[in-house]
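What follows is the content of query-v6.txt (compact mmCIF, C-alpha atoms and all ligand atoms).
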```txt
# COMPACT_ATOMS: atom_id res chain seq x y z
CA MET U 1 -8.84 -18.67 22.27
CA LYS U 2 -6.50 -16.78 19.92
CA THR U 3 -7.86 -13.54 18.47
CA ILE U 4 -7.63 -13.71 14.69
CA ASP U 5 -7.03 -10.19 13.46
CA LEU U 6 -7.86 -9.87 9.76
CA ARG U 7 -8.46 -6.10 9.83
CA SER U 8 -5.22 -5.23 8.05
CA ASP U 9 -1.62 -6.29 7.52
CA THR U 10 -0.75 -3.13 9.50
CA VAL U 11 -1.48 -5.04 12.73
CA THR U 12 1.65 -7.17 12.27
CA LYS U 13 4.06 -6.75 15.15
CA PRO U 14 7.85 -6.54 14.72
CA THR U 15 9.72 -9.86 14.66
CA ASP U 16 12.28 -10.83 17.33
CA GLU U 17 14.99 -10.25 14.72
CA MET U 18 13.77 -6.70 14.23
CA ILE U 19 14.00 -5.96 17.94
CA GLN U 20 17.46 -7.58 18.06
CA ALA U 21 18.52 -5.42 15.10
CA ILE U 22 17.66 -2.31 17.15
CA VAL U 23 19.65 -3.59 20.12
CA LYS U 24 22.64 -4.54 17.93
CA ALA U 25 22.69 -1.12 16.27
CA HIS U 26 22.60 0.49 19.72
CA GLU U 27 25.46 -1.70 20.96
CA LYS U 28 27.52 -0.69 17.94
CA ASP U 29 26.68 2.98 18.55
CA ARG U 30 25.23 3.40 15.05
CA PHE U 31 22.38 5.79 15.91
CA GLY U 32 22.82 9.49 15.23
CA ASP U 33 20.82 12.60 14.40
CA ASP U 34 19.14 11.83 11.08
CA VAL U 35 18.04 15.44 10.58
CA ILE U 36 21.71 16.14 9.89
CA GLY U 37 22.19 12.81 8.10
CA GLU U 38 24.19 11.16 10.89
CA ASP U 39 22.19 8.02 11.59
CA GLU U 40 24.18 5.20 10.00
CA VAL U 41 21.28 2.76 10.14
CA VAL U 42 18.92 5.14 8.34
CA ASN U 43 21.57 5.73 5.69
CA GLU U 44 22.00 1.98 5.24
CA LEU U 45 18.24 1.45 4.91
CA GLN U 46 17.92 4.25 2.37
CA GLU U 47 20.76 2.83 0.25
CA LYS U 48 19.33 -0.67 0.42
CA ALA U 49 15.83 0.55 -0.49
CA ALA U 50 17.12 2.60 -3.43
CA GLN U 51 18.92 -0.51 -4.71
CA GLU U 52 15.91 -2.76 -4.20
CA LEU U 53 13.71 -0.31 -6.10
CA GLY U 54 16.25 0.43 -8.83
CA LYS U 55 16.24 4.17 -8.12
CA GLU U 56 19.07 6.68 -7.61
CA ALA U 57 18.10 7.56 -4.04
CA ALA U 58 15.58 6.89 -1.28
CA LEU U 59 14.32 8.59 1.87
CA LEU U 60 12.80 7.20 5.06
CA VAL U 61 9.46 8.86 5.86
CA THR U 62 7.06 8.37 8.73
CA SER U 63 4.18 6.73 6.85
CA GLY U 64 2.73 5.83 3.48
CA THR U 65 0.48 8.86 3.60
CA GLN U 66 3.43 11.16 4.23
CA GLY U 67 5.44 9.48 1.47
CA ASN U 68 2.65 9.86 -1.08
CA VAL U 69 1.97 13.52 -0.31
CA ILE U 70 5.69 14.30 -0.44
CA ALA U 71 5.98 12.61 -3.85
CA LEU U 72 3.01 14.56 -5.19
CA LEU U 73 4.07 17.93 -3.80
CA ALA U 74 7.71 17.54 -4.83
CA GLN U 75 6.91 16.94 -8.48
CA THR U 76 3.98 19.24 -9.22
CA LYS U 77 2.95 22.85 -8.56
CA ARG U 78 -0.04 24.41 -6.80
CA GLY U 79 -3.21 24.14 -8.87
CA ASP U 80 -2.02 21.14 -10.88
CA GLU U 81 -4.48 18.33 -11.45
CA ILE U 82 -3.51 14.88 -10.17
CA ILE U 83 -5.13 11.99 -12.02
CA VAL U 84 -5.99 9.26 -9.53
CA GLU U 85 -8.03 6.08 -9.66
CA GLU U 86 -11.40 6.84 -8.08
CA GLN U 87 -10.98 4.29 -5.29
CA SER U 88 -7.27 4.86 -4.75
CA HIS U 89 -5.83 5.39 -1.30
CA THR U 90 -4.35 8.78 -2.26
CA PHE U 91 -7.79 9.99 -3.28
CA MET U 92 -10.00 8.35 -0.67
CA PHE U 93 -8.01 7.81 2.50
CA GLU U 94 -5.29 10.42 2.89
CA GLY U 95 -7.36 13.23 4.35
CA GLY U 96 -7.33 15.19 1.11
CA GLY U 97 -3.70 15.98 1.96
CA MET U 98 -2.72 16.78 -1.61
CA SER U 99 -5.28 19.64 -1.67
CA VAL U 100 -4.86 20.79 1.91
CA LEU U 101 -1.09 20.80 1.89
CA GLY U 102 -0.22 21.30 -1.75
CA GLY U 103 -3.14 23.08 -3.40
CA LEU U 104 -3.38 20.12 -5.77
CA TYR U 105 -6.61 19.19 -7.47
CA PRO U 106 -7.50 15.50 -7.62
CA ARG U 107 -9.13 14.15 -10.77
CA PRO U 108 -10.64 10.74 -9.97
CA VAL U 109 -11.07 8.38 -12.93
CA LYS U 110 -12.45 4.86 -13.14
CA GLY U 111 -9.95 2.02 -13.27
CA VAL U 112 -10.26 -1.63 -14.19
CA LYS U 113 -9.38 -3.66 -11.09
CA GLY U 114 -7.67 -0.50 -9.84
CA TYR U 115 -5.62 0.04 -13.01
CA ILE U 116 -6.13 3.26 -14.97
CA LEU U 117 -6.23 2.23 -18.62
CA PRO U 118 -3.89 4.25 -20.87
CA GLU U 119 -6.90 5.46 -22.92
CA THR U 120 -8.62 6.64 -19.72
CA LEU U 121 -5.52 8.66 -18.88
CA ARG U 122 -5.38 10.09 -22.40
CA ASP U 123 -9.03 11.19 -22.13
CA ALA U 124 -8.45 12.73 -18.69
CA VAL U 125 -5.48 14.90 -19.66
CA ARG U 126 -6.58 18.53 -19.99
CA PRO U 127 -6.03 20.49 -23.17
CA ASP U 128 -3.78 23.54 -22.97
CA ASP U 129 -6.60 26.00 -22.33
CA ALA U 130 -6.71 28.61 -19.57
CA HIS U 131 -10.12 27.37 -18.40
CA TYR U 132 -8.67 24.11 -17.16
CA PRO U 133 -6.28 23.18 -14.40
CA GLN U 134 -3.01 21.81 -15.77
CA SER U 135 -2.59 18.04 -15.61
CA GLY U 136 0.50 17.37 -13.54
CA MET U 137 0.69 13.74 -12.55
CA VAL U 138 -0.93 10.31 -12.60
CA VAL U 139 -0.81 7.92 -9.65
CA VAL U 140 -0.72 4.14 -10.00
CA GLU U 141 -1.50 2.07 -6.87
CA ASN U 142 0.16 -1.36 -6.82
CA THR U 143 -1.27 -3.48 -5.33
CA HIS U 144 -4.58 -1.66 -5.33
CA ASN U 145 -6.09 -1.90 -1.87
CA TYR U 146 -9.75 -1.12 -2.44
CA ALA U 147 -9.96 -3.09 -5.68
CA GLY U 148 -8.99 -6.15 -3.59
CA GLY U 149 -5.18 -6.28 -3.54
CA THR U 150 -5.07 -6.35 -7.33
CA VAL U 151 -1.77 -6.42 -9.17
CA THR U 152 -0.58 -4.15 -11.98
CA THR U 153 2.07 -5.72 -14.23
CA SER U 154 5.25 -3.98 -15.39
CA GLN U 155 3.85 -3.95 -18.94
CA GLN U 156 0.71 -2.15 -17.73
CA VAL U 157 2.82 0.38 -15.84
CA ARG U 158 4.92 0.95 -18.96
CA GLU U 159 1.86 1.53 -21.15
CA LEU U 160 0.48 4.06 -18.68
CA ALA U 161 3.86 5.75 -18.32
CA GLU U 162 4.16 6.09 -22.09
CA VAL U 163 0.94 8.13 -22.19
CA ALA U 164 2.07 10.13 -19.14
CA ARG U 165 5.36 11.02 -20.91
CA GLU U 166 3.56 11.93 -24.10
CA TYR U 167 1.71 14.65 -22.14
CA ASN U 168 4.63 15.59 -19.94
CA LEU U 169 2.97 14.25 -16.78
CA ARG U 170 4.85 12.78 -13.84
CA ILE U 171 3.91 9.27 -12.74
CA HIS U 172 4.02 8.16 -9.10
CA CYS U 173 3.52 4.64 -7.77
CA ASP U 174 1.77 4.23 -4.42
CA GLY U 175 3.46 0.94 -3.70
CA ALA U 176 2.31 0.53 -0.10
CA ARG U 177 2.11 -3.18 -1.00
CA LEU U 178 4.48 -3.20 -3.98
CA PHE U 179 6.27 -6.30 -2.73
CA ASN U 180 2.99 -8.21 -2.63
CA ALA U 181 2.64 -7.42 -6.33
CA ALA U 182 6.26 -8.40 -7.02
CA VAL U 183 5.87 -11.73 -5.20
CA ALA U 184 2.54 -12.47 -6.90
CA LEU U 185 4.06 -11.80 -10.34
CA ASN U 186 7.39 -13.39 -9.43
CA VAL U 187 9.35 -10.37 -10.64
CA PRO U 188 11.76 -8.06 -8.78
CA ALA U 189 9.98 -5.01 -7.36
CA LYS U 190 12.32 -2.72 -9.32
CA LYS U 191 10.80 -4.01 -12.56
CA LEU U 192 7.37 -2.75 -11.47
CA VAL U 193 8.65 0.77 -10.86
CA ALA U 194 11.20 1.05 -13.68
CA ASP U 195 8.87 3.39 -15.61
CA VAL U 196 7.67 5.64 -12.79
CA ASP U 197 9.30 8.83 -11.56
CA SER U 198 8.74 8.08 -7.88
CA VAL U 199 7.56 5.27 -5.66
CA GLN U 200 6.42 4.95 -2.06
CA ILE U 201 6.65 1.62 -0.25
CA CYS U 202 5.41 0.77 3.26
CA LEU U 203 7.71 -1.14 5.60
CA SER U 204 4.95 -1.41 8.19
CA LYS U 205 2.33 -3.50 6.42
CA GLY U 206 2.95 -7.11 5.32
CA LEU U 207 6.69 -6.60 5.82
CA SER U 208 5.99 -6.30 9.56
CA ALA U 209 8.24 -3.39 10.54
CA PRO U 210 6.65 -1.25 13.25
CA VAL U 211 6.95 2.16 11.56
CA GLY U 212 7.97 3.78 8.33
CA SER U 213 7.81 4.07 4.59
CA ILE U 214 10.31 4.85 1.86
CA VAL U 215 10.07 7.19 -1.08
CA ALA U 216 12.48 6.66 -3.94
CA GLY U 217 13.35 8.30 -7.25
CA THR U 218 16.06 10.51 -8.71
CA GLU U 219 18.65 12.29 -6.53
CA GLU U 220 16.95 15.56 -7.43
CA PHE U 221 13.52 14.27 -6.33
CA ILE U 222 14.92 12.98 -3.04
CA HIS U 223 16.61 16.34 -2.41
CA ASP U 224 13.20 18.04 -2.73
CA ALA U 225 11.46 15.26 -0.80
CA HIS U 226 13.91 15.74 2.07
CA ARG U 227 13.05 19.44 2.28
CA LEU U 228 9.31 18.66 2.21
CA ARG U 229 9.63 15.95 4.85
CA LYS U 230 11.14 18.52 7.21
CA LYS U 231 8.35 20.99 6.44
CA LEU U 232 5.75 18.33 7.22
CA GLY U 233 7.33 17.60 10.59
CA GLY U 234 8.88 14.33 9.44
CA GLY U 235 12.49 15.14 10.31
CA MET U 236 13.39 12.51 12.92
CA ARG U 237 16.43 12.25 15.17
CA GLN U 238 17.79 8.77 16.12
CA ALA U 239 15.50 7.25 13.50
CA GLY U 240 17.76 4.22 13.22
CA ILE U 241 15.43 2.71 15.82
CA ILE U 242 12.85 2.64 13.02
CA ALA U 243 15.31 1.90 10.24
CA ALA U 244 16.85 -1.20 11.85
CA PRO U 245 13.57 -3.18 11.64
CA GLY U 246 13.10 -1.69 8.16
CA ILE U 247 16.33 -3.31 7.00
CA VAL U 248 15.18 -6.69 8.34
CA ALA U 249 11.84 -6.09 6.56
CA LEU U 250 13.60 -5.67 3.20
CA GLU U 251 16.08 -8.50 3.74
CA LYS U 252 13.91 -11.17 5.33
CA MET U 253 10.21 -10.44 4.96
CA ILE U 254 9.55 -10.15 1.24
CA ASN U 255 9.61 -13.79 0.15
CA ARG U 256 7.30 -14.92 2.92
CA LEU U 257 4.48 -12.74 1.55
CA LYS U 258 3.65 -15.70 -0.70
CA ASP U 259 2.34 -17.52 2.41
CA ASP U 260 -0.14 -14.68 2.96
CA HIS U 261 -1.27 -15.00 -0.65
CA THR U 262 -1.71 -18.75 -0.25
CA ASN U 263 -3.79 -18.22 2.90
CA ALA U 264 -5.96 -15.67 1.09
CA LYS U 265 -6.57 -18.22 -1.67
CA ILE U 266 -7.52 -20.88 0.90
CA LEU U 267 -9.97 -18.47 2.52
CA TYR U 268 -11.39 -17.72 -0.93
CA SER U 269 -11.78 -21.42 -1.76
CA HIS U 270 -13.95 -21.86 1.36
CA LEU U 271 -15.93 -18.62 1.20
CA SER U 272 -16.71 -19.01 -2.50
CA ARG U 273 -18.91 -21.97 -1.59
CA ILE U 274 -21.28 -19.76 0.41
CA PRO U 275 -24.45 -19.12 -1.60
CA ASP U 276 -25.16 -15.49 -2.60
CA LEU U 277 -21.82 -14.19 -1.36
CA GLU U 278 -20.11 -11.96 -3.95
CA ILE U 279 -16.44 -12.84 -4.05
CA GLU U 280 -13.50 -12.76 -6.46
CA GLU U 281 -10.36 -14.83 -6.31
CA PRO U 282 -7.66 -12.78 -4.55
CA GLU U 283 -4.45 -11.93 -6.40
CA THR U 284 -2.52 -11.17 -3.20
CA ASN U 285 -3.44 -10.85 0.50
CA ILE U 286 -6.70 -8.87 0.39
CA ILE U 287 -10.17 -10.34 -0.10
CA PHE U 288 -13.35 -8.33 -0.31
CA VAL U 289 -16.72 -10.05 -0.06
CA GLY U 290 -20.01 -8.47 -1.05
CA LEU U 291 -22.94 -9.07 1.32
CA GLN U 292 -25.54 -7.18 -0.72
CA ASN U 293 -27.53 -10.34 -1.57
CA LEU U 294 -27.58 -11.49 2.04
CA ASP U 295 -29.70 -10.22 4.84
CA LEU U 296 -26.86 -8.60 6.76
CA ASP U 297 -24.30 -5.82 6.49
CA VAL U 298 -20.65 -5.40 7.46
CA PRO U 299 -21.31 -4.05 11.00
CA LYS U 300 -23.47 -7.09 11.75
CA LEU U 301 -20.96 -9.55 10.26
CA SER U 302 -18.08 -7.97 12.15
CA GLN U 303 -20.04 -8.05 15.41
CA GLU U 304 -20.84 -11.74 14.93
CA LEU U 305 -17.21 -12.50 14.07
CA LYS U 306 -16.01 -10.55 17.10
CA LYS U 307 -18.09 -12.83 19.35
CA ARG U 308 -15.91 -15.63 17.92
CA ASN U 309 -12.67 -13.66 18.46
CA ILE U 310 -12.23 -12.82 14.80
CA LEU U 311 -11.68 -9.19 13.84
CA ILE U 312 -12.44 -7.34 10.60
CA TYR U 313 -13.08 -3.64 10.09
CA GLY U 314 -16.83 -3.17 10.19
CA GLU U 315 -18.13 0.36 10.45
CA TYR U 316 -20.40 0.51 7.41
CA GLY U 317 -21.59 -0.92 4.11
CA THR U 318 -22.02 -4.35 2.60
CA ARG U 319 -18.44 -4.93 1.43
CA ALA U 320 -16.29 -6.70 4.02
CA ARG U 321 -12.49 -6.91 3.83
CA PHE U 322 -10.24 -9.71 5.08
CA VAL U 323 -6.46 -9.18 5.01
CA THR U 324 -3.99 -12.03 5.54
CA HIS U 325 -0.55 -11.42 7.02
CA ARG U 326 2.32 -12.95 8.99
CA MET U 327 0.32 -13.37 12.19
CA ILE U 328 -2.44 -15.39 10.49
CA SER U 329 -1.92 -19.15 10.16
CA LYS U 330 -3.67 -21.68 7.96
CA GLU U 331 -5.58 -22.87 11.06
CA ASP U 332 -6.78 -19.30 11.62
CA ILE U 333 -8.02 -19.20 8.04
CA LEU U 334 -9.96 -22.43 8.47
CA ARG U 335 -11.50 -21.16 11.73
CA THR U 336 -12.47 -17.91 9.97
CA ALA U 337 -13.98 -19.73 7.00
CA GLU U 338 -16.07 -21.89 9.33
CA ALA U 339 -17.25 -18.89 11.34
CA VAL U 340 -18.24 -16.87 8.26
CA ALA U 341 -20.14 -19.85 6.85
CA GLU U 342 -21.92 -20.38 10.16
CA ILE U 343 -22.97 -16.72 10.31
CA LEU U 344 -23.91 -16.26 6.66
CA VAL U 345 -25.49 -19.58 5.79
CA GLY U 346 -27.81 -19.19 8.74
CA LYS U 347 -28.86 -15.85 7.21
CA SER U 348 -29.22 -16.74 3.53
C1 LIG M 1 -2.50 1.55 -0.90
C2 LIG M 1 -2.12 2.33 0.32
N1 LIG M 1 -1.42 3.46 0.17
C3 LIG M 1 -1.03 4.20 1.22
C4 LIG M 1 -1.35 3.81 2.49
C5 LIG M 1 -0.96 4.72 3.63
O1 LIG M 1 -0.05 4.18 4.50
P1 LIG M 1 0.02 4.70 6.03
O2 LIG M 1 -1.11 4.06 6.74
O3 LIG M 1 1.37 4.21 6.47
O4 LIG M 1 -0.07 6.17 6.00
C6 LIG M 1 -2.08 2.64 2.70
C7 LIG M 1 -2.44 2.22 4.08
O5 LIG M 1 -3.22 1.34 4.30
C8 LIG M 1 -2.49 1.88 1.58
O6 LIG M 1 -3.22 0.78 1.72
```
Translate this file's structure into structure tokens.
Amino acid sequence: MKTIDLRSDTVTKPTDEMIQAIVKAHEKDRFGDDVIGEDEVVNELQEKAAQELGKEAALLVTSGTQGNVIALLAQTKRGDEIIVEEQSHTFMFEGGGMSVLGGLYPRPVKGVKGYILPETLRDAVRPDDAHYPQSGMVVVENTHNYAGGTVTTSQQVRELAEVAREYNLRIHCDGARLFNAAVALNVPAKKLVADVDSVQICLSKGLSAPVGSIVAGTEEFIHDAHRLRKKLGGGMRQAGIIAAPGIVALEKMINRLKDDHTNAKILYSHLSRIPDLEIEEPETNIIFVGLQNLDLDVPKLSQELKKRNILIYGEYGTRARFVTHRMISKEDILRTAEAVAEILVGKS
């Protein structure tokens, strides 16, 4: 029986075309030492990504976490306060890197479906008073993972950016799943980041590349980002091996994300019939369900699902996450829906 892996879109494996792209680049002798800028495939990916994101320049980095910390460190100074949504990835799941590596001070604020309202940002900005840290930047996460793959529109980004500019703050977009937002809104990704100073996108999530993220922004930002990447141990040699699948990811894998969104909606339509299950209609490929009104928690649900060859993350709590992606079919969704109903209805 097939194992249905709904833990994350990071479990997607590279496509055949991605592997062929590596081989083709090798046959054409296009790999080189990227630390000295000589890998043609990396250079092509960076140019393509900058174009796709509507920015002057882009840089390949090892991961989303590295890209975010580089963007924060490059555009702020030690002791600055970084305004983040309280459940954002940068705040919760990046090992406190901004503080450890950059001496930055996170200021978590409450968002609405992951979006920091402009008035919340205005209230959070510190006055010019020596008692306070200086506000340096605000981070917008699009889509917002922990809020349930929620989408921030270009208008919302603009309104937040206007307040950021008013107070001379930088604005960074953690766009690990930016293309999911773009596909859900049916707009080009560049529209969603037109008003931010920097953006990070992951090639290795729904887009299915095996490794890598991109940061993009002005030439000046990328110059500083390049220096920081080296300092953080992210200078790579024949990194075209990573970049070749990344190019396929940007060229071929964006439009198909709509299938993942459709599958998430199908899963929602089944799970929403289960009594006492807390659930909201997904906007993209992430669904959270709340088990607090049922007599079981996430570890128990994940154990029961695992017996049926269905995987979700399940260490703690009563909020379970299901993530759809390229390796999940409609049949897998129906099997999952049946299994969850079997487990939960028996318990309610
Ligand atoms: C919203 C968001 N930002 C950043 C990251 C970090 O990416 P990586 O795992 O490549 O470091 C993730 C990873 O799941 C994420 O969901």
Which residues are near ligand LIG 1 (chain M) - at most 6 Å, using only C-alpha atoms and all ligand atoms? Format: as number ranges by chain.
U: 63-65, 89, 144-145, 174, 176
I'd like to know which of U:Pro188, U:Gly67, U:Gly102, U:Gly317 is closest to His172 (chain U), using only C-alpha atoms.
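Among U:Pro188, U:Gly67, U:Gly102, U:Gly317, it is U:Gly67 that comes nearest to His172 (chain U).
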Counting only C-alpha atoms, what is within 10 Å of Lys306 (chain U), bar same-chain residues fewer than 6 positions away, as a list in words?
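Near neighbours after the sequence-gap exclusion: Thr3, Ile4, Asp5, Lys300 and Ile312 of chain U.
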If we count only C-alpha atoms, what is near Asp128 (chain U) at a cut-off of 12 Å, once residues fewer than 5 positions away on the same chain are taken out, given as a tab-separated table (two decimals) with C-alpha atoms, in the coordinates of the input?
```tsv
chain	number	residue	atom	x	y	z
U	133	PRO	CA	-6.28	23.18	-14.40
U	134	GLN	CA	-3.01	21.81	-15.77
U	135	SER	CA	-2.59	18.04	-15.61
U	167	TYR	CA	1.71	14.65	-22.14
U	168	ASN	CA	4.63	15.59	-19.94
```
May I have the residues within 8 Å of region 34-47 of chain U as a ChimeraX atom specification, using all atoms listed in the file and disregarding those fewer than 3 positions away in the same chain?
/U:25,30-31,50-51,57-60,214,235-240,243-244,246-247
Using C-alpha atoms, can you write the selected residues to a file as a PDB file, in the coordinates of the input?
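Output (result-v4.pdb):
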```pdb
ATOM      1  CA  ALA U  25      22.690  -1.120  16.270  1.00  0.00           C
ATOM      2  CA  ARG U  30      25.230   3.400  15.050  1.00  0.00           C
ATOM      3  CA  PHE U  31      22.380   5.790  15.910  1.00  0.00           C
ATOM      4  CA  ALA U  50      17.120   2.600  -3.430  1.00  0.00           C
ATOM      5  CA  GLN U  51      18.920  -0.510  -4.710  1.00  0.00           C
ATOM      6  CA  ALA U  57      18.100   7.560  -4.040  1.00  0.00           C
ATOM      7  CA  ALA U  58      15.580   6.890  -1.280  1.00  0.00           C
ATOM      8  CA  LEU U  59      14.320   8.590   1.870  1.00  0.00           C
ATOM      9  CA  LEU U  60      12.800   7.200   5.060  1.00  0.00           C
ATOM     10  CA  ILE U 214      10.310   4.850   1.860  1.00  0.00           C
ATOM     11  CA  GLY U 235      12.490  15.140  10.310  1.00  0.00           C
ATOM     12  CA  MET U 236      13.390  12.510  12.920  1.00  0.00           C
ATOM     13  CA  ARG U 237      16.430  12.250  15.170  1.00  0.00           C
ATOM     14  CA  GLN U 238      17.790   8.770  16.120  1.00  0.00           C
ATOM     15  CA  ALA U 239      15.500   7.250  13.500  1.00  0.00           C
ATOM     16  CA  GLY U 240      17.760   4.220  13.220  1.00  0.00           C
ATOM     17  CA  ALA U 243      15.310   1.900  10.240  1.00  0.00           C
ATOM     18  CA  ALA U 244      16.850  -1.200  11.850  1.00  0.00           C
ATOM     19  CA  GLY U 246      13.100  -1.690   8.160  1.00  0.00           C
ATOM     20  CA  ILE U 247      16.330  -3.310   7.000  1.00  0.00           C
TER      21      ILE U 247
END
```
What is the distance between CA of Ser329 (chain U) and CA of Tyr268 (chain U), in Å to one decimal?
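Computing the Euclidean distance for CA of Ser329 (chain U) and CA of Tyr268 (chain U) yields 14.7 Å.
Between CA of Tyr316 (chain U) and CA of Gly346 (chain U) there is a distance of 21.1 Å.
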At the level of N, CA and C atoms, write region 50-63 of chain U to a file as a short mmCIF file (atom, residue, chain, number, x, y, z; two decimals), in the first residue's frame, please.
```cif
data_model
loop_
_atom_site.label_atom_id
_atom_site.label_comp_id
_atom_site.auth_asym_id
_atom_site.auth_seq_id
_atom_site.Cartn_x
_atom_site.Cartn_y
_atom_site.Cartn_z
N ALA U 50 15.43 36.59 -10.47
CA ALA U 50 15.30 38.04 -10.31
C ALA U 50 14.18 38.55 -11.22
N GLN U 51 14.14 38.02 -12.44
CA GLN U 51 13.10 38.44 -13.40
C GLN U 51 11.72 38.06 -12.91
N GLU U 52 11.60 36.81 -12.48
CA GLU U 52 10.32 36.27 -12.01
C GLU U 52 9.79 37.09 -10.83
N LEU U 53 10.71 37.59 -10.00
CA LEU U 53 10.32 38.31 -8.79
C LEU U 53 10.33 39.82 -8.99
N GLY U 54 10.70 40.25 -10.18
CA GLY U 54 10.68 41.69 -10.48
C GLY U 54 11.70 42.48 -9.68
N LYS U 55 12.84 41.85 -9.36
CA LYS U 55 13.87 42.53 -8.57
C LYS U 55 15.15 42.68 -9.40
N GLU U 56 16.04 43.58 -8.95
CA GLU U 56 17.26 43.84 -9.72
C GLU U 56 18.18 42.62 -9.77
N ALA U 57 18.25 41.90 -8.64
CA ALA U 57 19.22 40.78 -8.57
C ALA U 57 18.72 39.72 -7.60
N ALA U 58 19.31 38.52 -7.73
CA ALA U 58 18.92 37.41 -6.86
C ALA U 58 20.15 36.56 -6.55
N LEU U 59 20.04 35.79 -5.47
CA LEU U 59 21.17 34.97 -5.02
C LEU U 59 20.64 33.61 -4.58
N LEU U 60 21.32 32.55 -5.01
CA LEU U 60 20.96 31.20 -4.56
C LEU U 60 21.53 30.99 -3.16
N VAL U 61 20.70 30.54 -2.24
CA VAL U 61 21.15 30.23 -0.87
C VAL U 61 20.75 28.80 -0.55
N THR U 62 21.29 28.29 0.56
CA THR U 62 21.10 26.86 0.83
C THR U 62 19.68 26.51 1.25
N SER U 63 19.01 27.42 1.97
CA SER U 63 17.69 27.08 2.52
C SER U 63 16.89 28.35 2.77
#
```
